[in-house]
$ cat protein.csv   # CSV, C-alpha atoms
chain,number,residue,atom,x,y,z
A,29,MET,CA,115.0,140.6,87.3
A,30,SER,CA,115.0,142.0,90.8
A,31,PRO,CA,113.2,140.2,93.6
A,32,VAL,CA,109.9,141.8,94.6
A,33,ALA,CA,109.7,142.6,98.3
A,34,VAL,CA,107.0,140.5,100.0
A,35,GLY,CA,105.9,141.9,103.3
A,36,GLY,CA,104.7,138.7,104.9
A,37,PRO,CA,103.6,135.1,104.5
A,38,VAL,CA,101.0,134.2,101.9
A,39,VAL,CA,98.3,132.0,103.4
A,40,VAL,CA,96.1,129.9,101.3
A,41,GLN,CA,93.1,128.0,102.7
A,42,VAL,CA,91.5,125.5,100.3
A,43,PRO,CA,89.0,122.6,100.6
A,44,ALA,CA,90.7,119.2,100.9
A,45,GLU,CA,90.0,118.4,97.3
A,46,ALA,CA,92.6,117.0,94.8
A,47,SER,CA,91.8,119.7,92.3
A,48,MET,CA,93.1,122.3,94.7
A,49,ALA,CA,96.7,121.0,94.5
A,50,ARG,CA,97.2,122.8,91.2
A,51,LEU,CA,95.9,126.1,92.7
A,52,VAL,CA,98.4,125.9,95.6
A,53,ARG,CA,101.2,125.0,93.3
A,54,LEU,CA,100.3,128.1,91.2
A,55,ALA,CA,100.4,130.3,94.3
A,56,ALA,CA,103.8,128.9,95.4
A,57,SER,CA,105.4,129.1,91.9
A,58,SER,CA,104.1,132.7,91.6
A,59,LEU,CA,105.7,133.6,94.9
A,60,ALA,CA,108.9,131.9,94.0
A,61,ALA,CA,109.0,133.8,90.7
A,62,MET,CA,108.5,137.1,92.6
A,63,ALA,CA,111.6,136.1,94.7
A,64,SER,CA,113.5,135.7,91.4
A,65,MET,CA,114.1,132.0,91.7
A,66,ASP,CA,115.1,130.4,88.5
A,67,VAL,CA,113.0,127.9,86.5
A,68,ASP,CA,114.6,124.9,88.0
A,69,ASP,CA,114.1,126.2,91.6
A,70,ILE,CA,110.4,127.1,90.8
A,71,GLU,CA,109.9,123.5,89.5
A,72,ASP,CA,111.4,122.2,92.8
A,73,VAL,CA,109.1,124.5,94.9
A,74,LYS,CA,106.1,123.1,93.0
A,75,ILE,CA,107.1,119.6,93.8
A,76,VAL,CA,107.7,120.3,97.5
A,77,VAL,CA,104.3,122.1,97.8
A,78,SER,CA,102.6,119.4,95.8
A,79,GLU,CA,103.9,116.7,98.1
A,80,VAL,CA,102.7,118.7,101.2
A,81,ILE,CA,99.2,119.3,99.9
A,82,ALA,CA,98.8,115.8,98.5
A,83,ALA,CA,99.7,114.3,101.9
A,84,LEU,CA,97.3,116.6,103.7
A,85,ILE,CA,94.5,115.7,101.3
A,86,GLU,CA,95.1,112.0,101.6
A,87,HIS,CA,95.8,111.8,105.3
A,88,GLY,CA,93.5,114.5,106.7
A,89,ASP,CA,89.9,114.3,107.7
A,90,GLY,CA,88.7,116.1,104.6
A,91,HIS,CA,88.3,119.5,106.3
A,92,ASP,CA,89.9,122.7,104.9
A,93,ILE,CA,93.7,122.8,104.5
A,94,THR,CA,95.7,125.8,105.3
A,95,ILE,CA,99.1,126.4,103.5
A,96,LYS,CA,101.4,129.1,104.6
A,97,LEU,CA,104.1,130.1,102.1
A,98,GLU,CA,106.9,132.4,103.3
A,99,LEU,CA,110.0,133.6,101.7
A,100,GLU,CA,113.0,133.2,103.9
A,101,GLY,CA,116.3,134.5,102.6
A,102,GLU,CA,116.6,133.1,99.1
A,103,GLY,CA,114.4,130.2,99.9
A,104,MET,CA,110.8,129.4,100.9
A,105,SER,CA,109.2,127.8,103.8
A,106,ILE,CA,106.0,125.8,103.4
A,107,ARG,CA,103.7,125.0,106.3
A,108,GLY,CA,100.5,123.0,105.8
A,109,ILE,CA,98.0,121.9,108.4
A,110,THR,CA,94.6,120.2,108.5
A,111,ASP,CA,92.5,118.2,110.9
A,112,ALA,CA,93.4,114.5,111.2
A,113,GLN,CA,91.9,112.6,114.1
A,114,SER,CA,93.7,109.4,113.1
A,115,PHE,CA,97.0,109.1,111.2
A,116,VAL,CA,99.0,106.2,109.9
A,117,ALA,CA,102.6,107.5,109.9
A,118,ASP,CA,104.2,104.4,108.2
A,119,SER,CA,102.0,104.3,105.1
A,120,ALA,CA,103.8,103.5,101.8
A,121,ASP,CA,102.5,106.6,100.1
A,122,LEU,CA,103.8,108.8,102.9
A,123,ALA,CA,107.2,107.1,102.7
A,124,LEU,CA,107.4,107.8,99.0
A,125,SER,CA,106.4,111.4,99.6
A,126,SER,CA,109.0,111.7,102.4
A,127,THR,CA,111.7,110.3,100.0
A,128,VAL,CA,110.9,113.1,97.5
A,129,LEU,CA,110.8,115.8,100.2
A,130,ALA,CA,114.1,114.6,101.6
A,131,ALA,CA,115.8,114.8,98.2
A,132,ILE,CA,114.4,118.2,97.2
A,133,ALA,CA,113.6,120.2,100.3
A,134,SER,CA,116.4,121.4,102.6
A,135,GLU,CA,114.4,120.1,105.5
A,136,HIS,CA,110.9,118.7,106.2
A,137,ALA,CA,108.9,117.3,109.0
A,138,ILE,CA,105.5,115.5,109.3
A,139,GLU,CA,103.9,115.8,112.7
A,140,HIS,CA,100.6,114.6,114.1
A,141,ALA,CA,99.3,115.9,117.4
A,142,GLU,CA,96.1,116.9,119.0
A,143,GLY,CA,94.0,116.0,116.0
A,144,LYS,CA,96.1,118.0,113.6
A,145,LEU,CA,98.4,116.9,110.8
A,146,LEU,CA,101.2,119.4,110.2
A,147,ILE,CA,103.7,119.2,107.4
A,148,VAL,CA,106.5,121.7,107.2
A,149,ALA,CA,109.2,122.0,104.6
A,150,ALA,CA,111.9,124.4,103.6
A,151,TYR,CA,113.3,124.9,100.2
A,152,SER,CA,116.7,126.5,99.6
A,153,PRO,CA,117.9,127.0,96.1
A,154,HIS,CA,121.5,126.7,96.9
A,155,LEU,CA,121.1,123.5,98.9
A,156,ALA,CA,119.1,121.9,96.2
A,157,SER,CA,121.6,122.9,93.5
A,158,ASP,CA,124.5,121.6,95.6
A,159,GLY,CA,122.7,118.3,96.2
B,27,MET,CA,92.4,108.3,69.4
B,28,THR,CA,90.0,107.5,72.3
B,29,ASP,CA,89.5,110.2,74.9
B,30,ALA,CA,89.6,108.0,78.0
B,31,GLY,CA,89.7,110.2,80.9
B,32,PRO,CA,90.1,114.0,81.1
B,33,ASN,CA,90.0,116.1,84.3
B,34,ASP,CA,91.1,119.7,85.1
B,35,THR,CA,94.8,119.0,85.2
B,36,LEU,CA,95.3,115.8,83.2
B,37,ARG,CA,94.0,114.5,79.9
B,38,VAL,CA,94.5,110.8,79.2
B,39,THR,CA,93.8,109.3,75.8
B,40,VAL,CA,94.4,105.9,74.2
B,41,ALA,CA,96.2,106.1,70.9
B,42,PRO,CA,95.3,103.7,68.0
B,43,ASP,CA,98.4,101.6,68.8
B,44,GLY,CA,97.1,101.2,72.4
B,45,ALA,CA,99.6,103.5,74.0
B,46,ILE,CA,98.2,105.5,76.9
B,47,VAL,CA,98.9,109.2,76.2
B,48,ALA,CA,99.0,111.5,79.2
B,49,SER,CA,99.0,115.2,78.9
B,50,GLY,CA,99.2,117.7,81.7
B,51,ASP,CA,99.9,117.2,85.4
B,52,ILE,CA,100.0,113.8,87.1
B,53,ASP,CA,99.4,114.7,90.6
B,54,VAL,CA,97.0,113.9,93.4
B,55,ALA,CA,94.1,114.8,91.1
B,56,GLY,CA,95.5,113.3,87.9
B,57,GLY,CA,97.0,110.1,89.3
B,58,PRO,CA,93.6,108.4,89.9
B,59,VAL,CA,92.5,109.4,86.4
B,60,LEU,CA,95.6,107.8,84.9
B,61,GLU,CA,95.2,104.8,87.2
B,62,ALA,CA,91.6,104.2,86.0
B,63,VAL,CA,92.7,104.3,82.3
B,64,LEU,CA,95.7,101.9,83.1
B,65,LEU,CA,93.3,99.4,84.7
B,66,GLU,CA,90.9,99.6,81.8
B,67,GLN,CA,93.6,99.2,79.2
B,68,GLU,CA,95.2,96.3,81.2
B,69,GLY,CA,91.8,94.5,81.0
B,70,GLN,CA,91.9,94.7,77.2
B,71,ILE,CA,95.3,93.3,76.5
B,72,ASP,CA,96.9,89.9,76.6
B,73,ALA,CA,98.5,89.1,80.0
B,74,ASP,CA,102.1,89.4,78.7
B,75,GLU,CA,101.5,92.4,76.5
B,76,THR,CA,103.4,95.6,77.3
B,77,ILE,CA,101.7,98.7,78.5
B,78,VAL,CA,103.1,101.9,76.9
B,79,VAL,CA,102.5,105.2,78.7
B,80,ASP,CA,103.5,108.2,76.5
B,81,LEU,CA,104.6,111.0,78.8
B,82,THR,CA,105.8,113.4,76.1
B,83,GLU,CA,103.2,116.0,77.1
B,84,VAL,CA,103.4,115.6,80.9
B,85,THR,CA,104.3,118.9,82.4
B,86,PHE,CA,104.4,117.9,86.1
B,87,ILE,CA,104.5,114.8,88.2
B,88,ASP,CA,104.8,114.2,92.0
B,89,SER,CA,104.9,111.1,94.1
B,90,SER,CA,101.1,110.8,94.2
B,91,GLY,CA,101.1,110.7,90.4
B,92,LEU,CA,104.1,108.4,90.3
B,93,ARG,CA,102.1,105.9,92.4
B,94,SER,CA,99.7,105.2,89.6
B,95,LEU,CA,102.6,104.3,87.3
B,96,LEU,CA,104.2,102.1,90.1
B,97,SER,CA,100.9,100.3,90.6
B,98,ALA,CA,100.8,99.5,86.9
B,99,SER,CA,104.4,98.3,87.0
B,100,ARG,CA,103.6,96.0,90.0
B,101,ARG,CA,100.6,94.5,88.2
B,102,ALA,CA,102.7,94.1,85.0
B,103,GLY,CA,105.4,92.4,87.0
B,104,GLU,CA,102.8,89.9,88.2
B,105,ARG,CA,102.1,89.1,84.5
B,106,SER,CA,105.8,89.0,83.7
B,107,ALA,CA,105.3,92.1,81.6
B,108,LYS,CA,106.8,95.6,81.8
B,109,VAL,CA,105.4,99.1,81.7
B,110,VAL,CA,107.1,101.3,79.1
B,111,LEU,CA,107.4,105.0,79.8
B,112,ARG,CA,107.8,106.8,76.5
B,113,SER,CA,109.6,110.1,76.3
B,114,PRO,CA,109.6,111.0,79.9
B,115,SER,CA,110.7,114.6,80.6
B,116,SER,CA,113.7,115.4,82.6
B,117,SER,CA,111.4,116.1,85.6
B,118,VAL,CA,109.8,112.7,85.3
B,119,ARG,CA,113.2,111.0,85.0
B,120,ARG,CA,114.5,113.0,88.0
B,121,LEU,CA,111.5,111.8,90.2
B,122,LEU,CA,112.2,108.2,89.1
B,123,GLU,CA,115.8,108.6,90.1
B,124,ILE,CA,115.0,110.3,93.5
B,125,THR,CA,112.6,107.5,94.4
B,126,GLY,CA,114.8,104.8,93.1
B,127,THR,CA,112.1,103.5,90.9
B,128,THR,CA,113.7,103.8,87.4
B,129,ALA,CA,114.4,100.1,87.1
B,130,GLN,CA,110.7,99.3,87.5
B,131,PHE,CA,110.0,100.7,84.0
B,132,ARG,CA,111.4,100.4,80.6
B,133,ILE,CA,112.3,103.9,79.4
B,134,GLU,CA,111.8,104.6,75.7
B,135,ASP,CA,112.8,107.8,74.0
B,136,SER,CA,110.6,109.0,71.2
B,137,ASP,CA,113.3,108.5,68.6
B,138,SER,CA,113.6,104.8,69.5
B,139,ALA,CA,109.8,104.2,69.4

$ encode --input "protein.csv" --output "structure tokens"
Amino acid sequence: MSPVAVGGPVVVQVPAEASMARLVRLAASSLAAMASMDVDDIEDVKIVVSEVIAALIEHGDGHDITIKLELEGEGMSIRGITDAQSFVADSADLALSSTVLAAIASEHAIEHAEGKLLIVAAYSPHLASDG
Amino acid sequence: MTDAGPNDTLRVTVAPDGAIVASGDIDVAGGPVLEAVLLEQEGQIDADETIVVDLTEVTFIDSSGLRSLLSASRRAGERSAKVVLRSPSSSVRRLLEITGTTAQFRIEDSDSA
């Protein structure tokens, strides 16, 4: 299957509700399929996106979450942001999530500044399959 | 079989043998559902009795879902018991390996049940 050209990023804005995680995973997996990623890569993309949305739901203020998904080369970048006036960076659940992101994503970062929690991750099929 | 806790992404039932059967996605939405059923089931068994979680029909799991299993494992450890994960898929096994948590469970394949 040939990759479908995607002109720009896909931006999804959802309420900070746990039930929205599946919807965001569906959007990400659809985009990954359009980019002709294989089944294993699509599953990895779903995990990366799920870690990002879960952390934003659990550590944000409960306001809307914006997720930007963008195909970059053969991979995908994921950028999620929400309001978070306070943030505990060294929580056990965030450490577990970071462990998963470090193993599956080619890079990731969790930043808190000016009342916003930002989580970015990049997924590269080749890096993942090599690791 | 008792239907103990469905939601949009995860269905959790308790089989006649007491095994907790999860079906669907164990994520930030499903994790708390599974956690609630685990706590309820733990309240109905002897302290040293094993909790069995059948993962045969789990299609997705992330770290927020894994936390519910780890919490059960920690509580079981306090009772000198163990949580058995029955028939975990390759994706579940991979998540356990990535997070270094495999040893916190007893893994049971369906043909050894």

$ interface_residues --input "protein.csv" --of "chain B" --to "chain A" --cutoff "12 Å" --atoms "all atoms listed in the file" --output "VMD selection string"
chain B and resid 33 to 36 50 to 59 85 to 94 96 to 97 116 to 118 120 to 127

$ atom_distance --input "protein.csv" --atom1 "CA of Val84 in chain B" --atom2 "CA of Asp69 in chain A"
18.5 Å

$ residues_around --input "protein.csv" --residues "Glu68 in chain B" --least-positions-apart "3" --cutoff "12 Å" --atoms "only C-alpha atoms" --output "list in words"
Val40, Gly44, Ala45, Ile46, Glu61, Ala62, Val63, Leu64, Leu65, Ile71, Asp72, Ala73, Asp74, Glu75, Thr76, Ile77, Val78, Val79, Ser97, Ala98, Ser99, Arg101, Ala102, Arg105, Ala107, Lys108 and Val109 of chain B

$ atom_distance --input "protein.csv" --atom1 "CA of Ala44 in chain A" --atom2 "CA of Asp92 in chain A"
5.4 Å

$ closest_residue --input "protein.csv" --among "B:Ser49, B:Thr39, B:Ser136, B:Gln70" --to "Arg112 in chain B" --atoms "only C-alpha atoms"
B:Ser136

$ atom_distance --input "protein.csv" --atom1 "CA of Val148 in chain A" --atom2 "CA of Thr128 in chain B"
27.6 Å

$ closest_residue --input "protein.csv" --among "A:Ile95, A:Leu145, A:Val39, A:Ala137" --to "Phe115 in chain A" --atoms "only C-alpha atoms"
A:Leu145

$ residues_near_point --input "protein.csv" --point "(111.2, 104.7, 74.8)" --cutoff "7 Å" --atoms "only C-alpha atoms" --output "PDB file with C-alpha atoms, in the frame of the given file"
ATOM      1  CA  VAL B 110     107.100 101.300  79.100  1.00  0.00           C
ATOM      2  CA  LEU B 111     107.400 105.000  79.800  1.00  0.00           C
ATOM      3  CA  ARG B 112     107.800 106.800  76.500  1.00  0.00           C
ATOM      4  CA  SER B 113     109.600 110.100  76.300  1.00  0.00           C
ATOM      5  CA  ILE B 133     112.300 103.900  79.400  1.00  0.00           C
ATOM      6  CA  GLU B 134     111.800 104.600  75.700  1.00  0.00           C
ATOM      7  CA  ASP B 135     112.800 107.800  74.000  1.00  0.00           C
ATOM      8  CA  SER B 136     110.600 109.000  71.200  1.00  0.00           C
ATOM      9  CA  SER B 138     113.600 104.800  69.500  1.00  0.00           C
ATOM     10  CA  ALA B 139     109.800 104.200  69.400  1.00  0.00           C
TER      11      ALA B 139
END

$ residues_around --input "protein.csv" --residues "Leu97 in chain A" --least-positions-apart "5" --cutoff "9 Å" --atoms "all atoms listed in the file" --output "PyMOL selection string"
chain A and resi 37-40+55-56+59+104-108

$ closest_residue --input "protein.csv" --among "A:Pro43, A:Val80, A:Val116, A:His91" --to "Ala150 in chain A" --atoms "only C-alpha atoms"
A:Val80

$ build_atoms --input "protein.csv" --residues "range 114-142 of chain A" --atoms "N, CA and C atoms" --output "JSON list (two decimals), keeping the file's coordinate frame"
[["chain", "number", "residue", "atom", "x", "y", "z"],
["A", 114, "SER", "N", 92.86, 110.62, 113.11],
["A", 114, "SER", "CA", 93.70, 109.40, 113.10],
["A", 114, "SER", "C", 94.75, 109.60, 111.99],
["A", 115, "PHE", "N", 95.88, 108.95, 112.16],
["A", 115, "PHE", "CA", 97.00, 109.10, 111.20],
["A", 115, "PHE", "C", 97.87, 107.92, 111.23],
["A", 116, "VAL", "N", 98.12, 107.36, 110.05],
["A", 116, "VAL", "CA", 99.00, 106.20, 109.90],
["A", 116, "VAL", "C", 100.36, 106.73, 109.39],
["A", 117, "ALA", "N", 101.35, 106.82, 110.25],
["A", 117, "ALA", "CA", 102.60, 107.50, 109.90],
["A", 117, "ALA", "C", 103.45, 106.60, 108.93],
["A", 118, "ASP", "N", 103.27, 105.29, 108.97],
["A", 118, "ASP", "CA", 104.20, 104.40, 108.20],
["A", 118, "ASP", "C", 103.55, 103.91, 106.91],
["A", 119, "SER", "N", 102.66, 104.69, 106.33],
["A", 119, "SER", "CA", 102.00, 104.30, 105.10],
["A", 119, "SER", "C", 103.04, 104.36, 103.92],
["A", 120, "ALA", "N", 102.85, 103.52, 102.91],
["A", 120, "ALA", "CA", 103.80, 103.50, 101.80],
["A", 120, "ALA", "C", 103.76, 104.79, 101.00],
["A", 121, "ASP", "N", 102.58, 105.37, 100.84],
["A", 121, "ASP", "CA", 102.50, 106.60, 100.10],
["A", 121, "ASP", "C", 103.21, 107.76, 100.76],
["A", 122, "LEU", "N", 103.10, 107.78, 102.10],
["A", 122, "LEU", "CA", 103.80, 108.80, 102.90],
["A", 122, "LEU", "C", 105.30, 108.63, 102.81],
["A", 123, "ALA", "N", 105.73, 107.38, 102.79],
["A", 123, "ALA", "CA", 107.20, 107.10, 102.70],
["A", 123, "ALA", "C", 107.72, 107.58, 101.36],
["A", 124, "LEU", "N", 106.94, 107.38, 100.28],
["A", 124, "LEU", "CA", 107.40, 107.80, 99.00],
["A", 124, "LEU", "C", 107.45, 109.36, 98.93],
["A", 125, "SER", "N", 106.45, 109.98, 99.53],
["A", 125, "SER", "CA", 106.40, 111.40, 99.60],
["A", 125, "SER", "C", 107.60, 111.98, 100.40],
["A", 126, "SER", "N", 107.88, 111.31, 101.52],
["A", 126, "SER", "CA", 109.00, 111.70, 102.40],
["A", 126, "SER", "C", 110.33, 111.58, 101.63],
["A", 127, "THR", "N", 110.44, 110.54, 100.81],
["A", 127, "THR", "CA", 111.70, 110.30, 100.00],
["A", 127, "THR", "C", 111.89, 111.51, 99.07],
["A", 128, "VAL", "N", 110.80, 111.96, 98.44],
["A", 128, "VAL", "CA", 110.90, 113.10, 97.50],
["A", 128, "VAL", "C", 111.23, 114.37, 98.27],
["A", 129, "LEU", "N", 110.56, 114.58, 99.40],
["A", 129, "LEU", "CA", 110.80, 115.80, 100.20],
["A", 129, "LEU", "C", 112.27, 115.79, 100.69],
["A", 130, "ALA", "N", 112.76, 114.63, 101.12],
["A", 130, "ALA", "CA", 114.10, 114.60, 101.60],
["A", 130, "ALA", "C", 115.15, 114.90, 100.55],
["A", 131, "ALA", "N", 114.82, 114.57, 99.30],
["A", 131, "ALA", "CA", 115.80, 114.80, 98.20],
["A", 131, "ALA", "C", 115.71, 116.25, 97.69],
["A", 132, "ILE", "N", 114.56, 116.88, 97.80],
["A", 132, "ILE", "CA", 114.40, 118.20, 97.20],
["A", 132, "ILE", "C", 114.39, 119.34, 98.21],
["A", 133, "ALA", "N", 113.68, 119.13, 99.30],
["A", 133, "ALA", "CA", 113.60, 120.20, 100.30],
["A", 133, "ALA", "C", 114.88, 120.16, 101.17],
["A", 134, "SER", "N", 115.23, 121.32, 101.71],
["A", 134, "SER", "CA", 116.40, 121.40, 102.60],
["A", 134, "SER", "C", 116.08, 120.75, 103.94],
["A", 135, "GLU", "N", 114.83, 120.81, 104.34],
["A", 135, "GLU", "CA", 114.40, 120.10, 105.50],
["A", 135, "GLU", "C", 112.88, 119.92, 105.47],
["A", 136, "HIS", "N", 112.40, 118.90, 106.16],
["A", 136, "HIS", "CA", 110.90, 118.70, 106.20],
["A", 136, "HIS", "C", 110.59, 117.90, 107.46],
["A", 137, "ALA", "N", 109.35, 118.02, 107.88],
["A", 137, "ALA", "CA", 108.90, 117.30, 109.00],
["A", 137, "ALA", "C", 107.38, 117.01, 108.88],
["A", 138, "ILE", "N", 106.96, 115.83, 109.32],
["A", 138, "ILE", "CA", 105.50, 115.50, 109.30],
["A", 138, "ILE", "C", 105.17, 115.15, 110.76],
["A", 139, "GLU", "N", 104.23, 115.93, 111.30],
["A", 139, "GLU", "CA", 103.90, 115.80, 112.70],
["A", 139, "GLU", "C", 102.37, 115.60, 112.86],
["A", 140, "HIS", "N", 101.98, 114.74, 113.78],
["A", 140, "HIS", "CA", 100.60, 114.60, 114.10],
["A", 140, "HIS", "C", 100.39, 114.69, 115.59],
["A", 141, "ALA", "N", 99.56, 115.64, 115.99],
["A", 141, "ALA", "CA", 99.30, 115.90, 117.40],
["A", 141, "ALA", "C", 98.01, 116.58, 117.60],
["A", 142, "GLU", "N", 97.29, 116.19, 118.64],
["A", 142, "GLU", "CA", 96.10, 116.90, 119.00],
["A", 142, "GLU", "C", 95.08, 117.04, 117.87]]
